[in-house]
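Here's input18.cif, which has mmCIF, C-alpha atoms:
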data_work
#
loop_
_atom_site.label_atom_id
_atom_site.label_comp_id
_atom_site.auth_asym_id
_atom_site.auth_seq_id
_atom_site.Cartn_x
_atom_site.Cartn_y
_atom_site.Cartn_z
CA MET A 1004 12.64 9.26 45.00
CA PHE A 1005 14.67 10.07 41.89
CA ASP A 1006 18.02 10.20 43.68
CA ASP A 1007 20.07 7.21 42.49
CA GLY A 1008 23.13 8.41 40.61
CA ASN A 1009 24.33 4.88 39.85
CA LEU A 1010 21.17 3.61 38.19
CA VAL A 1011 21.49 3.17 34.43
CA SER A 1012 18.25 3.32 32.48
CA HIS A 1013 19.53 2.03 29.12
CA ALA A 1014 22.23 -0.54 29.78
CA GLY A 1015 21.87 -1.95 26.27
CA LEU A 1016 23.58 1.14 24.91
CA VAL A 1017 26.91 -0.22 26.20
CA PRO A 1018 27.21 -3.13 23.72
CA LEU A 1019 25.31 -1.19 21.05
CA LEU A 1020 27.71 1.77 20.98
CA GLU A 1021 30.71 -0.55 21.23
CA LEU A 1022 29.42 -2.31 18.14
CA ALA A 1023 29.13 1.08 16.43
CA GLU A 1024 32.75 1.83 17.30
CA GLN A 1025 33.89 -1.54 15.95
CA ALA A 1026 32.07 -0.81 12.69
CA GLY A 1027 33.91 2.52 12.45
CA LEU A 1028 31.20 5.07 13.30
CA SER A 1029 33.41 7.59 15.12
CA ARG A 1030 36.15 7.32 12.51
CA LEU A 1031 33.66 7.90 9.69
CA LEU A 1032 32.12 10.90 11.44
CA ASP A 1033 35.60 12.35 12.03
CA ASP A 1034 36.57 11.85 8.38
CA HIS A 1035 33.40 13.06 6.67
CA VAL A 1036 31.43 15.51 8.82
CA ARG A 1037 33.23 18.83 9.08
CA PHE A 1038 32.00 22.36 9.73
CA ALA A 1039 33.92 25.34 8.35
CA ASP A 1040 31.47 28.04 9.46
CA GLU A 1041 29.04 28.25 12.37
CA ARG A 1042 25.86 30.22 12.95
CA VAL A 1043 26.35 29.99 16.70
CA ARG A 1044 29.84 30.23 18.12
CA SER A 1045 31.06 26.71 19.02
CA GLY A 1046 27.66 25.36 17.98
CA ALA A 1047 29.30 22.76 15.74
CA ALA A 1048 32.28 22.03 17.99
CA HIS A 1049 33.02 18.35 18.62
CA PRO A 1050 30.45 17.01 16.13
CA THR A 1051 31.45 13.34 16.45
CA PRO A 1052 30.54 12.79 20.12
CA LYS A 1053 27.44 14.96 19.72
CA LEU A 1054 26.18 12.98 16.74
CA THR A 1055 26.95 9.74 18.56
CA SER A 1056 24.93 11.04 21.49
CA ILE A 1057 21.97 11.70 19.18
CA ILE A 1058 22.22 8.16 17.78
CA ALA A 1059 22.31 6.76 21.32
CA GLY A 1060 19.21 8.76 22.24
CA MET A 1061 17.37 7.52 19.16
CA ALA A 1062 18.33 3.94 19.97
CA ALA A 1063 16.84 4.46 23.43
CA GLY A 1064 13.56 5.66 21.92
CA ALA A 1065 13.92 9.45 21.52
CA ASP A 1066 11.69 10.90 18.81
CA SER A 1067 12.34 14.60 19.48
CA ILE A 1068 15.29 16.77 20.47
CA ASP A 1069 14.08 17.15 24.05
CA ASP A 1070 13.86 13.36 24.40
CA LEU A 1071 17.61 13.07 23.83
CA ASP A 1072 18.08 13.92 27.52
CA VAL A 1073 17.34 10.27 28.31
CA VAL A 1074 21.05 9.52 27.88
CA ARG A 1075 21.98 11.95 30.68
CA SER A 1076 20.04 10.43 33.55
CA GLY A 1077 21.41 8.48 36.52
CA GLY A 1078 24.74 6.78 35.93
CA MET A 1079 24.80 7.28 32.16
CA LYS A 1080 27.47 9.97 32.43
CA LYS A 1081 29.66 7.55 34.37
CA LEU A 1082 29.30 4.94 31.64
CA PHE A 1083 29.82 7.20 28.64
CA THR A 1084 31.98 10.17 27.86
CA GLY A 1085 30.72 12.91 25.59
CA VAL A 1086 27.13 13.00 26.85
CA TYR A 1087 25.50 16.32 25.92
CA ALA A 1088 22.36 18.20 26.85
CA SER A 1089 19.51 18.11 24.37
CA ALA A 1090 19.76 21.88 23.86
CA THR A 1091 23.40 21.50 22.80
CA LEU A 1092 22.48 18.73 20.37
CA GLY A 1093 19.68 20.86 18.94
CA ILE A 1094 22.14 23.68 18.28
CA LEU A 1095 24.38 21.26 16.37
CA LEU A 1096 21.47 20.05 14.22
CA ARG A 1097 20.61 23.62 13.30
CA GLU A 1098 24.18 24.13 12.09
CA PHE A 1099 23.64 21.58 9.33
CA THR A 1100 23.37 22.63 5.70
CA HIS A 1101 22.61 20.56 2.61
CA GLY A 1102 26.31 19.87 2.17
CA HIS A 1103 26.67 18.60 5.72
CA VAL A 1104 23.66 16.32 5.24
CA ARG A 1105 25.36 14.84 2.18
CA GLN A 1106 28.45 14.23 4.33
CA LEU A 1107 26.26 12.41 6.82
CA THR A 1108 24.76 10.36 3.98
CA ALA A 1109 28.26 9.20 3.06
CA VAL A 1110 28.69 8.07 6.66
CA LEU A 1111 25.40 6.14 6.44
CA ARG A 1112 26.58 4.17 3.40
CA ARG A 1113 30.07 3.43 4.69
CA PHE A 1114 28.81 2.57 8.15
CA LEU A 1115 26.43 0.01 6.62
CA VAL A 1116 29.39 -1.58 4.83
CA GLY A 1117 31.24 -1.67 8.15
CA LEU A 1118 28.28 -3.30 9.90
CA ALA A 1119 28.02 -5.88 7.10
CA ALA A 1120 31.68 -6.77 7.61
CA ARG A 1121 31.29 -7.02 11.40
CA THR A 1122 27.87 -8.71 11.66
CA PRO A 1123 25.57 -10.92 9.54
CA VAL A 1124 23.20 -7.99 9.00
CA LEU A 1125 23.37 -8.66 5.22
CA ASP A 1126 23.77 -12.41 5.39
CA GLY A 1127 23.58 -14.01 1.94
CA ILE A 1128 24.31 -10.82 0.02
CA ALA A 1129 26.79 -12.62 -2.24
CA ASP A 1130 23.97 -14.81 -3.57
CA ARG A 1131 21.17 -12.28 -3.98
CA ALA A 1132 20.58 -8.68 -2.95
CA TYR A 1133 17.43 -6.61 -3.26
CA VAL A 1134 17.42 -2.83 -3.56
CA ASP A 1135 13.98 -1.38 -2.87
CA ILE A 1136 13.02 2.26 -3.30
CA ASP A 1137 9.95 4.08 -2.03
CA SER A 1138 8.81 7.42 -0.66
CA LEU A 1139 6.09 8.62 1.65
CA LEU A 1140 4.60 11.85 2.93
CA ARG A 1141 5.10 12.57 6.62
CA PRO A 1142 2.56 15.14 7.84
CA VAL A 1143 3.74 18.21 9.74
CA TYR A 1144 1.57 20.74 11.49
CA GLY A 1145 3.79 23.65 12.46
CA HIS A 1146 3.69 26.73 10.25
CA ALA A 1147 7.45 27.30 10.63
CA LYS A 1148 8.58 24.03 9.03
CA GLN A 1149 10.87 24.81 6.12
CA GLY A 1150 10.08 22.74 3.04
CA ALA A 1151 6.64 21.71 4.23
CA SER A 1152 4.18 21.77 1.34
CA TYR A 1153 1.15 19.95 0.06
CA GLY A 1154 1.71 16.61 -1.62
CA HIS A 1155 -0.39 13.65 -2.62
CA THR A 1156 -0.77 10.69 -0.31
CA LYS A 1157 -3.16 7.77 -0.09
CA ILE A 1158 -5.25 6.95 2.97
CA GLU A 1159 -7.71 4.03 2.79
CA ASN A 1160 -7.24 3.93 -1.02
CA LYS A 1161 -8.22 7.59 -1.32
CA VAL A 1162 -5.75 10.09 -2.75
CA ILE A 1163 -5.68 13.29 -0.72
CA LEU A 1164 -3.54 16.39 -0.42
CA ARG A 1165 -1.63 16.66 2.83
CA ARG A 1166 0.93 19.13 4.12
CA GLY A 1167 4.23 17.55 5.05
CA LEU A 1168 7.75 16.49 4.13
CA SER A 1169 8.58 13.61 1.81
CA PRO A 1170 11.50 11.29 2.63
CA LEU A 1171 12.79 9.03 -0.13
CA ALA A 1172 14.54 5.87 1.06
CA VAL A 1173 16.43 3.00 -0.55
CA THR A 1174 16.73 -0.25 1.38
CA LEU A 1175 19.01 -3.23 0.99
CA SER A 1176 17.99 -6.79 1.91
CA THR A 1177 18.65 -10.42 1.04
CA ASP A 1178 16.68 -13.66 1.03
CA THR A 1179 17.55 -14.18 4.71
CA ALA A 1180 18.27 -10.67 6.03
CA ALA A 1181 15.75 -7.99 6.96
CA PRO A 1182 16.00 -4.67 5.09
CA VAL A 1183 18.45 -2.00 6.17
CA ILE A 1184 18.66 1.55 4.83
CA ALA A 1185 21.27 2.19 2.15
CA GLY A 1186 20.24 5.79 1.53
CA VAL A 1187 17.64 8.35 2.56
CA ARG A 1188 16.86 11.88 1.47
CA LEU A 1189 14.35 14.33 2.90
CA ARG A 1190 12.45 16.37 0.31
CA ALA A 1191 9.70 18.94 0.19
CA GLY A 1192 6.18 17.58 0.46
CA ARG A 1193 5.32 18.50 -3.12
CA ALA A 1194 8.33 16.63 -4.56
CA GLY A 1195 7.49 13.98 -7.12
CA SER A 1196 8.02 10.41 -5.99
CA SER A 1197 10.92 9.80 -8.38
CA ARG A 1198 12.79 13.04 -7.73
CA GLY A 1199 16.41 12.13 -6.92
CA ALA A 1200 15.72 8.42 -7.34
CA THR A 1201 18.29 7.69 -10.04
CA GLY A 1202 21.31 8.83 -8.04
CA MET A 1203 20.12 7.12 -4.89
CA ILE A 1204 19.60 3.80 -6.66
CA VAL A 1205 23.09 3.91 -8.19
CA GLU A 1206 24.60 4.73 -4.79
CA ALA A 1207 22.67 1.84 -3.22
CA ILE A 1208 23.91 -0.60 -5.88
CA ASN A 1209 27.49 0.55 -5.26
CA THR A 1210 26.95 0.15 -1.50
CA ALA A 1211 25.66 -3.38 -2.03
CA ILE A 1212 28.73 -4.23 -4.11
CA GLU A 1213 31.03 -2.84 -1.40
CA ALA A 1214 29.16 -4.97 1.15
CA GLY A 1215 29.87 -8.14 -0.85
CA ALA A 1216 27.20 -8.33 -3.53
CA ARG A 1217 27.86 -9.02 -7.19
CA ALA A 1218 26.25 -6.52 -9.53
CA HIS A 1219 24.44 -9.12 -11.66
CA ASN A 1220 22.85 -10.56 -8.50
CA VAL A 1221 21.35 -7.22 -7.42
CA LEU A 1222 17.66 -6.70 -8.19
CA VAL A 1223 16.21 -3.19 -7.96
CA ARG A 1224 12.48 -3.08 -7.19
CA GLY A 1225 9.98 -0.25 -7.07
CA ASP A 1226 6.49 0.86 -8.00
CA SER A 1227 5.45 2.56 -11.22
CA ALA A 1228 6.64 6.00 -10.09
CA TYR A 1229 10.23 4.82 -10.62
CA CYS A 1230 9.69 2.99 -13.91
CA SER A 1231 11.33 5.60 -16.14
CA ALA A 1232 13.88 5.40 -18.92
CA LYS A 1233 16.43 7.32 -16.87
CA VAL A 1234 16.15 5.05 -13.83
CA ILE A 1235 16.18 1.77 -15.75
CA HIS A 1236 19.09 2.90 -17.94
CA ALA A 1237 21.09 3.70 -14.78
CA VAL A 1238 20.30 0.28 -13.28
CA VAL A 1239 21.30 -1.58 -16.43
CA LYS A 1240 24.46 0.52 -16.80
CA ALA A 1241 25.42 -0.44 -13.23
CA GLY A 1242 25.09 -4.12 -14.19
CA ALA A 1243 22.07 -4.85 -11.97
CA MET A 1244 18.61 -6.20 -12.74
CA PHE A 1245 15.32 -4.36 -12.31
CA SER A 1246 11.70 -5.12 -11.51
CA PHE A 1247 9.37 -2.12 -11.63
CA ALA A 1248 5.61 -1.89 -11.69
CA ILE A 1249 4.59 -0.15 -14.90
CA ALA A 1250 1.65 2.17 -15.40
CA ARG A 1251 -1.07 1.18 -17.84
CA ASN A 1252 -0.98 3.00 -21.17
CA PRO A 1253 -2.15 2.07 -24.68
CA SER A 1254 1.14 0.30 -25.43
CA VAL A 1255 1.06 -1.75 -22.23
CA SER A 1256 -2.62 -2.56 -22.68
CA ALA A 1257 -1.96 -3.77 -26.25
CA ALA A 1258 0.81 -6.04 -24.98
CA ILE A 1259 -1.49 -7.48 -22.29
CA ASN A 1260 -4.25 -8.09 -24.84
CA SER A 1261 -1.81 -9.99 -27.05
CA ILE A 1262 -1.32 -12.71 -24.40
CA PRO A 1263 -3.13 -15.90 -25.49
CA ALA A 1264 -5.97 -17.10 -23.27
CA ASP A 1265 -4.19 -20.39 -22.55
CA ALA A 1266 -0.91 -18.75 -21.54
CA TRP A 1267 -2.02 -17.81 -18.02
CA THR A 1268 -0.63 -19.79 -15.08
CA PRO A 1269 -2.49 -19.92 -11.73
CA VAL A 1270 -0.47 -18.74 -8.72
CA GLN A 1271 -0.80 -18.91 -4.96
CA TYR A 1272 -3.15 -16.22 -3.72
CA PRO A 1273 -5.60 -15.90 -0.80
CA GLY A 1274 -8.37 -18.41 -1.39
CA ALA A 1275 -6.36 -20.62 -3.74
CA VAL A 1276 -6.90 -24.40 -3.37
CA THR A 1277 -5.43 -27.52 -4.96
CA ASP A 1278 -7.74 -29.75 -7.01
CA PRO A 1279 -7.71 -33.14 -5.20
CA ASP A 1280 -8.26 -35.03 -8.49
CA THR A 1281 -5.77 -33.34 -10.84
CA GLY A 1282 -3.39 -31.74 -8.34
CA GLU A 1283 -3.66 -28.45 -10.21
CA LEU A 1284 -3.95 -25.13 -8.46
CA ILE A 1285 -7.35 -23.43 -8.54
CA SER A 1286 -6.89 -19.73 -7.97
CA ASP A 1287 -8.40 -16.33 -8.71
CA ALA A 1288 -4.93 -15.06 -9.67
CA TYR A 1289 -2.90 -15.89 -12.78
CA VAL A 1290 0.38 -14.70 -14.27
CA SER A 1291 1.76 -14.58 -17.76
CA GLU A 1292 4.42 -12.71 -19.68
CA VAL A 1293 5.14 -11.17 -23.03
CA GLU A 1294 8.20 -9.51 -24.54
CA TYR A 1295 7.89 -5.74 -24.38
CA THR A 1296 9.96 -2.76 -25.47
CA ALA A 1297 9.57 0.14 -23.08
CA PHE A 1298 10.28 3.80 -23.85
CA ALA A 1299 10.39 3.09 -27.58
CA ASP A 1300 10.29 6.80 -28.42
CA GLU A 1301 13.15 7.72 -26.07
CA PRO A 1302 16.93 7.37 -26.43
CA HIS A 1303 17.12 4.74 -23.67
CA LYS A 1304 14.56 2.24 -24.95
CA ILE A 1305 14.92 -1.25 -23.52
CA THR A 1306 13.39 -4.62 -24.27
CA GLY A 1307 12.49 -6.88 -21.37
CA ARG A 1308 9.73 -9.01 -19.91
CA LEU A 1309 6.29 -7.60 -19.23
CA ILE A 1310 4.94 -9.89 -16.52
CA VAL A 1311 1.27 -9.50 -15.77
CA ARG A 1312 -0.69 -10.74 -12.79
CA ARG A 1313 -4.42 -10.79 -13.33
CA ILE A 1314 -6.89 -11.12 -10.45
CA LEU A 1315 -10.58 -11.85 -10.63
CA ASP A 1316 -12.49 -8.74 -9.61
CA ALA A 1317 -14.14 -9.42 -6.26
CA ASN A 1318 -17.23 -7.50 -7.42
CA THR A 1319 -17.76 -9.85 -10.37
CA GLN A 1320 -20.71 -12.16 -9.79
CA ASP A 1321 -21.18 -13.71 -13.24
CA PRO A 1322 -18.74 -16.63 -13.80
CA LEU A 1323 -19.49 -16.63 -17.54
CA PHE A 1324 -18.20 -13.09 -17.98
CA PRO A 1325 -15.35 -12.61 -15.51
CA VAL A 1326 -13.80 -9.20 -15.04
CA TRP A 1327 -10.06 -9.15 -14.44
CA ARG A 1328 -7.79 -6.59 -12.83
CA TYR A 1329 -4.32 -6.51 -14.36
CA HIS A 1330 -1.11 -5.66 -12.49
CA PRO A 1331 1.85 -5.49 -14.90
CA PHE A 1332 5.51 -5.04 -14.05
CA PHE A 1333 8.55 -4.68 -16.27
CA THR A 1334 11.69 -6.67 -15.54
CA ASN A 1335 14.84 -8.20 -16.99
CA SER A 1336 14.95 -10.90 -14.32
CA THR A 1337 15.69 -14.42 -15.55
CA GLN A 1338 13.50 -16.15 -12.95
CA PRO A 1339 10.52 -18.29 -14.04
CA VAL A 1340 7.41 -16.18 -14.41
CA THR A 1341 5.74 -17.39 -11.20
CA ASP A 1342 8.91 -16.87 -9.14
CA ALA A 1343 9.49 -13.45 -10.68
CA ASP A 1344 5.97 -12.44 -9.64
CA VAL A 1345 6.56 -13.53 -6.03
CA THR A 1346 9.93 -11.76 -5.95
CA HIS A 1347 8.43 -8.54 -7.29
CA ARG A 1348 5.60 -8.53 -4.77
CA ALA A 1349 8.17 -8.89 -1.98
CA HIS A 1350 9.03 -5.23 -2.68
CA ALA A 1351 6.40 -4.50 -0.01
CA VAL A 1352 9.03 -5.39 2.61
CA ILE A 1353 10.13 -1.75 2.51
CA GLU A 1354 6.90 -0.88 4.30
CA THR A 1355 8.30 -2.57 7.42
CA VAL A 1356 11.12 -0.02 7.41
CA TRP A 1357 8.65 2.86 7.20
CA SER A 1358 6.72 1.32 10.09
CA ASP A 1359 9.85 0.97 12.24
CA LEU A 1360 10.97 4.54 11.64
CA ILE A 1361 7.55 6.12 12.13
CA ASP A 1362 7.25 4.18 15.39
CA GLY A 1363 10.63 5.62 16.42
CA PRO A 1364 12.69 8.70 15.48
CA TRP A 1365 10.48 9.66 12.54
CA ALA A 1366 7.45 10.18 14.73
CA HIS A 1367 8.33 13.88 14.48
CA GLN A 1368 10.41 16.18 12.35
CA PRO A 1369 11.76 18.02 15.37
CA SER A 1370 13.13 21.28 13.96
CA GLY A 1371 11.85 24.21 11.96
CA ARG A 1372 14.98 24.11 9.77
CA PHE A 1373 14.85 21.80 6.77
CA ALA A 1374 18.53 20.81 6.92
CA ALA A 1375 18.24 19.96 10.62
CA ASN A 1376 15.32 17.66 9.86
CA ALA A 1377 17.26 16.13 6.98
CA ALA A 1378 20.17 15.40 9.34
CA TRP A 1379 17.74 13.94 11.88
CA THR A 1380 16.30 11.68 9.16
CA THR A 1381 19.75 10.40 8.19
CA LEU A 1382 20.78 9.81 11.80
CA ALA A 1383 17.57 7.83 12.29
CA ALA A 1384 18.59 5.63 9.34
CA ILE A 1385 22.03 5.05 10.92
CA THR A 1386 20.32 4.11 14.18
CA HIS A 1387 17.96 1.73 12.40
CA ASN A 1388 20.88 -0.10 10.77
CA LEU A 1389 22.79 -0.27 14.05
CA LEU A 1390 19.82 -1.79 15.89
CA ARG A 1391 19.24 -4.23 13.06
CA ALA A 1392 22.91 -5.32 13.14
CA ALA A 1393 22.81 -5.76 16.93
CA GLY A 1394 19.74 -7.96 16.58
CA THR A 1395 21.57 -10.31 14.21
CA LEU A 1396 24.21 -10.93 16.91
CA THR A 1397 21.66 -12.34 19.34
CA THR A 1398 19.12 -15.04 18.52
CA ALA A 1399 17.17 -15.73 15.33
CA ARG A 1400 14.11 -14.02 16.82
CA TYR A 1401 15.80 -10.62 16.92
CA ALA A 1402 17.41 -10.84 13.48
CA THR A 1403 14.12 -9.72 11.93
CA ALA A 1404 12.39 -8.14 14.94
CA ARG A 1405 10.81 -4.69 14.80
CA GLY A 1406 12.76 -1.70 15.99
CA ALA A 1407 10.42 -1.23 18.95
CA THR A 1408 11.10 -4.81 20.04
CA LEU A 1409 14.85 -4.34 19.77
CA ARG A 1410 14.71 -1.17 21.85
CA SER A 1411 12.47 -2.74 24.47
CA HIS A 1412 14.29 -6.06 24.79
CA LEU A 1413 17.93 -5.18 24.14
CA VAL A 1414 18.45 -1.47 24.89
CA ASN A 1415 16.01 -0.20 27.51
CA ILE A 1416 17.19 -2.39 30.39
CA THR A 1417 17.76 -0.94 33.84
CA ALA A 1418 21.06 -1.73 35.58
CA ARG A 1419 22.95 -0.59 38.63
CA LEU A 1420 26.52 0.57 38.16
CA ALA A 1421 28.95 -0.59 40.85
CA ARG A 1422 32.72 -0.24 41.12
CA PRO A 1423 34.16 -3.02 43.27
CA GLN A 1424 37.93 -2.54 43.37
CA ARG A 1425 37.40 0.36 40.94
CA ARG A 1426 36.27 -2.07 38.24
CA PRO A 1427 32.90 -1.07 36.72
CA VAL A 1428 30.25 -3.77 36.92
CA LEU A 1429 26.65 -3.62 35.69
CA HIS A 1430 24.08 -5.42 37.85
CA LEU A 1431 21.01 -6.21 35.76
CA PRO A 1432 17.59 -7.41 36.97
CA ALA A 1433 17.43 -10.99 38.20
CA HIS A 1434 15.24 -13.33 36.14
CA TRP A 1435 15.14 -10.88 33.24
CA PRO A 1436 13.18 -12.76 30.52
CA ARG A 1437 15.53 -11.62 27.74
CA ALA A 1438 18.76 -12.20 29.66
CA HIS A 1439 19.99 -14.88 27.26
CA ALA A 1440 19.60 -12.66 24.18
CA TRP A 1441 21.19 -9.69 25.95
CA LEU A 1442 24.19 -11.70 27.16
CA THR A 1443 24.57 -13.20 23.69
CA LEU A 1444 24.83 -9.67 22.29
CA TRP A 1445 27.30 -8.66 25.01
CA GLN A 1446 29.56 -11.64 24.36
CA ALA A 1447 29.40 -11.23 20.58
CA VAL A 1448 30.50 -7.60 20.88
CA PHE A 1449 33.12 -7.79 23.63
CA ARG A 1450 34.57 -11.28 23.09
CA THR A 1451 34.86 -11.34 19.31
#

Take the structure in this file and express it as structure tokens.
Amino acid sequence: MFDDGNLVSHAGLVPLLELAEQAGLSRLLDDHVRFADERVRSGAAHPTPKLTSIIAGMAAGADSIDDLDVVRSGGMKKLFTGVYASATLGILLREFTHGHVRQLTAVLRRFLVGLAARTPVLDGIADRAYVDIDSLLRPVYGHAKQGASYGHTKIENKVILRRGLSPLAVTLSTDTAAPVIAGVRLRAGRAGSSRGATGMIVEAINTAIEAGARAHNVLVRGDSAYCSAKVIHAVVKAGAMFSFAIARNPSVSAAINSIPADAWTPVQYPGAVTDPDTGELISDAYVSEVEYTAFADEPHKITGRLIVRRILDANTQDPLFPVWRYHPFFTNSTQPVTDADVTHRAHAVIETVWSDLIDGPWAHQPSGRFAANAAWTTLAAITHNLLRAAGTLTTARYATARGATLRSHLVNITARLARPQRRPVLHLPAHWPRAHAWLTLWQAVFRT
């Protein structure tokens, strides 16, 4: 029977939301998110507790507006104040405009700085910080979705047209910390990959500096869609370094052809082995570099390093006439060529963020209104960062765990709420296999 009013379905929200308060979430929402006009009377009243309620629902696994009701079951209302019905939260989301979404984006950046000050979520940022940028196309199927349009995406190495919305995200990570989201923007499906990228990268660099990074230790990485004069000029002007894949063109091809045959260095790659006699690496992948001036015909031309990784084509059968595939990237990094190649390829870490979000709040774009979906996207980013920060307060396993693991192990834990002598006590399951990690989080939040 579903009749227990003292049973709490998501006890992990208690330390999680307390951590959010300690990092200044409510204060930031009060300071930045304000509604002057409303479509529905009182629809935007009390935005701070409503937005916090949405974040709590997302942390518990909600991927649609209706799912936000999970925070209202059992004893949740006795644990938390300001718990709202999903319909009320949906009305608030539909009150959002582009300006309000930008306000929420400011909260995202400042909240990340607060989390970095309170937790080791960006451990090692003073030594090295990585800013990664990427976009994707999220398919939508309803005909009433504002902004939905056909854009290019790649499935199984085939480029196809698909109807959807295109979020652009910038992540921040270090050598020891998993990526967190420094900025996100929802765009129409037909938007070019680099649309809005320059401003977002500059904001991410500034966020990294506020979180403790030094500008010259920040490396911005991306694929060839973001290798433009405007983007690179903005990165250099901000004092950071860059590492962008660059598209092949006659100028790039001429630079690659100018590399001497003996200038290629073998690198670790699947199938690589070490020669037992000479100790040299035998590999199908090699790297080399050449000085290159990009955007020579534009006002913001820049000279840097064109680092090229060449890979033996798997379809080549004749060892006397090998066919190579070339993968160039343009950088001003000072690392040795082999290390710079490894660092650049680590840009793929941003795919783990996409995976986490698609497996969570981004499973759907829940509203027909574009601004409501944009607000939902930004709130999902805030939730992702909060879960990531909570994981760093437990054991090493959860510092880099997936969002689904964090929700399952640290948030979605059943407890019974009791009040002996009017003092609230949570009774959790005996022999819970993740009890140590959960109690470590509790003590880090409430006893620090």

Task: From A:Thr1055, A:Ser1012, A:Thr1397, A:Gln1368, residue lying nearest Val1073 (chain A) [only C-alpha atoms] - done: A:Ser1012

- [ ] Record the distance separating CA of Ala1351 (chain A) and CA of Leu1107 (chain A), expressed in Å with one decimal.
- [x]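 CA of Leu1107 (chain A) lies 27.0 Å from CA of Ala1351 (chain A).
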
- [ ] Find the spatial neighbours of His1350 (chain A), counting only C-alpha atoms, within a cut-off of 12 Å - ignore same-chain residues fewer than 5 positions away - and output them as a list in words.
- [x]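 The residues satisfying every condition are Tyr1133, Val1134, Asp1135, Ile1136, Asp1137, Val1173, Thr1174, Leu1175, Ser1176, Thr1177, Asp1178, Pro1182, Leu1222, Val1223, Arg1224, Gly1225, Asp1226, Phe1245, Ser1246, Phe1247, Ala1248, Phe1332, Ala1343, Asp1344, Val1345, Thr1355 and Val1356 of chain A.
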
Open item on the list: Applying the PyMOL selection byres ((chain A and resi 1291) around 7) to the file I just gave you, which residues come out? Please list them as a VMD selection string.
Closed with: chain A and resid 1266 to 1268 1289 to 1290 1292 1310 to 1312 1340

TODO: Using the chain letters and numbers from the file, give me the residues hit by the PyMOL selection byres ((chain A and resi 1298) around 12), as a list in words.
DONE: Cys1230, Ser1231, Ala1232, Lys1233, Val1234, Ile1235, His1236, Ile1249, Asn1252, Ser1254, Val1255, Tyr1295, Thr1296, Ala1297, Ala1299, Asp1300, Glu1301, Pro1302, His1303, Lys1304, Ile1305, Thr1306, Gly1307 and Phe1333 of chain A

- [ ] List the residues selected by the PyMOL selection byres ((chain A and resi 1202) around 12) in the file shown, writing them as a PyMOL selection string.
- [x] chain A and resi 1136+1171-1173+1186-1188+1197-1201+1203-1209+1233-1238+1241

- [ ] Just give me the gap between CA of Ala1023 (chain A) and CA of Gly1064 (chain A) in Å, one decimal is fine.
- [x]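 If I compute the distance from CA of Ala1023 (chain A) to CA of Gly1064 (chain A), I get 17.1 Å.
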
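Proximity of A:Gly1102, A:Gly1406, A:Gly1008, A:Gly1093 to Leu1054 (chain A), computed with only C-alpha atoms, is greatest for A:Gly1093.
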
Open item on the list: One decimal, in Å: what's the spacing between CA of Asp1265 (chain A) and CA of Ala1250 (chain A)?
Closed with: 24.4 Å

- [ ] Pick out the closest residue to Thr1386 (chain A) from this set: A:Phe1099, A:Trp1445, A:Phe1005, A:Phe1114. Count all atoms listed in the file.
- [x]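 Using all atoms listed in the file, Thr1386 (chain A) sits closest to A:Phe1114.
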
Task: 12 Å contact set for Gly1195 (chain A), all atoms listed in the file, chain neighbours under 3 positions out, as a list in words - done: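 Listed by chain and then number, they are Asp1137, Ser1138, Leu1139, Leu1140, Ser1152, Tyr1153, Gly1154, His1155, Thr1156, Leu1168, Ser1169, Pro1170, Leu1171, Arg1190, Ala1191, Gly1192, Arg1198, Gly1199, Ala1200, Ala1228 and Tyr1229 of chain A.
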
Open item on the list: My list of candidates is A:Ser1196, A:Ser1227, A:Ser1256, A:Asn1376. Which is closest to Ala1151 (chain A) when distances are computed with only C-alpha atoms?
Closed with: A:Asn1376

Task: Ref. answer, residues at most 6 Å from (24.6, 19.1, 12.4) with only C-alpha atoms, as a ChimeraX atom specification - done: /A:1095-1096,1098-1099

Open item on the list: I need the residue nearest Val1143 (chain A) from this list: A:Ala1366, A:Val1017, A:Asp1359, A:Leu1082. Use only C-alpha atoms for the distance.
Closed with: A:Ala1366

- [ ] Between A:Asn1415, A:Asn1388, A:Thr1403, A:Thr1398, single out the one closest to Leu1442 (chain A), counting all atoms listed in the file.
- [x]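 When distances to Leu1442 (chain A) are compared using all atoms listed in the file, the smallest one comes from A:Thr1398.
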
- [ ] Could you give me, as an MDAnalysis selection string, the residues that have an atom at most 10 Å away from the point (24.2, 4.5, 39.6) in the coordinates of the file, using all atoms listed in the file?
- [x] chainID A and resid 1006:1012 1076:1082 1418:1422 1429

TODO: Would you kindly return, as an MDAnalysis selection string, each protein, DNA or RNA residue with an atom no farther than 10 Å from any atom of Ile1128 (chain A), considering only C-alpha atoms and excluding same-chain residues fewer than 5 positions away?
DONE: chainID A and resid 1119 1123 1133 1175:1180 1211:1212 1214:1217 1220:1221
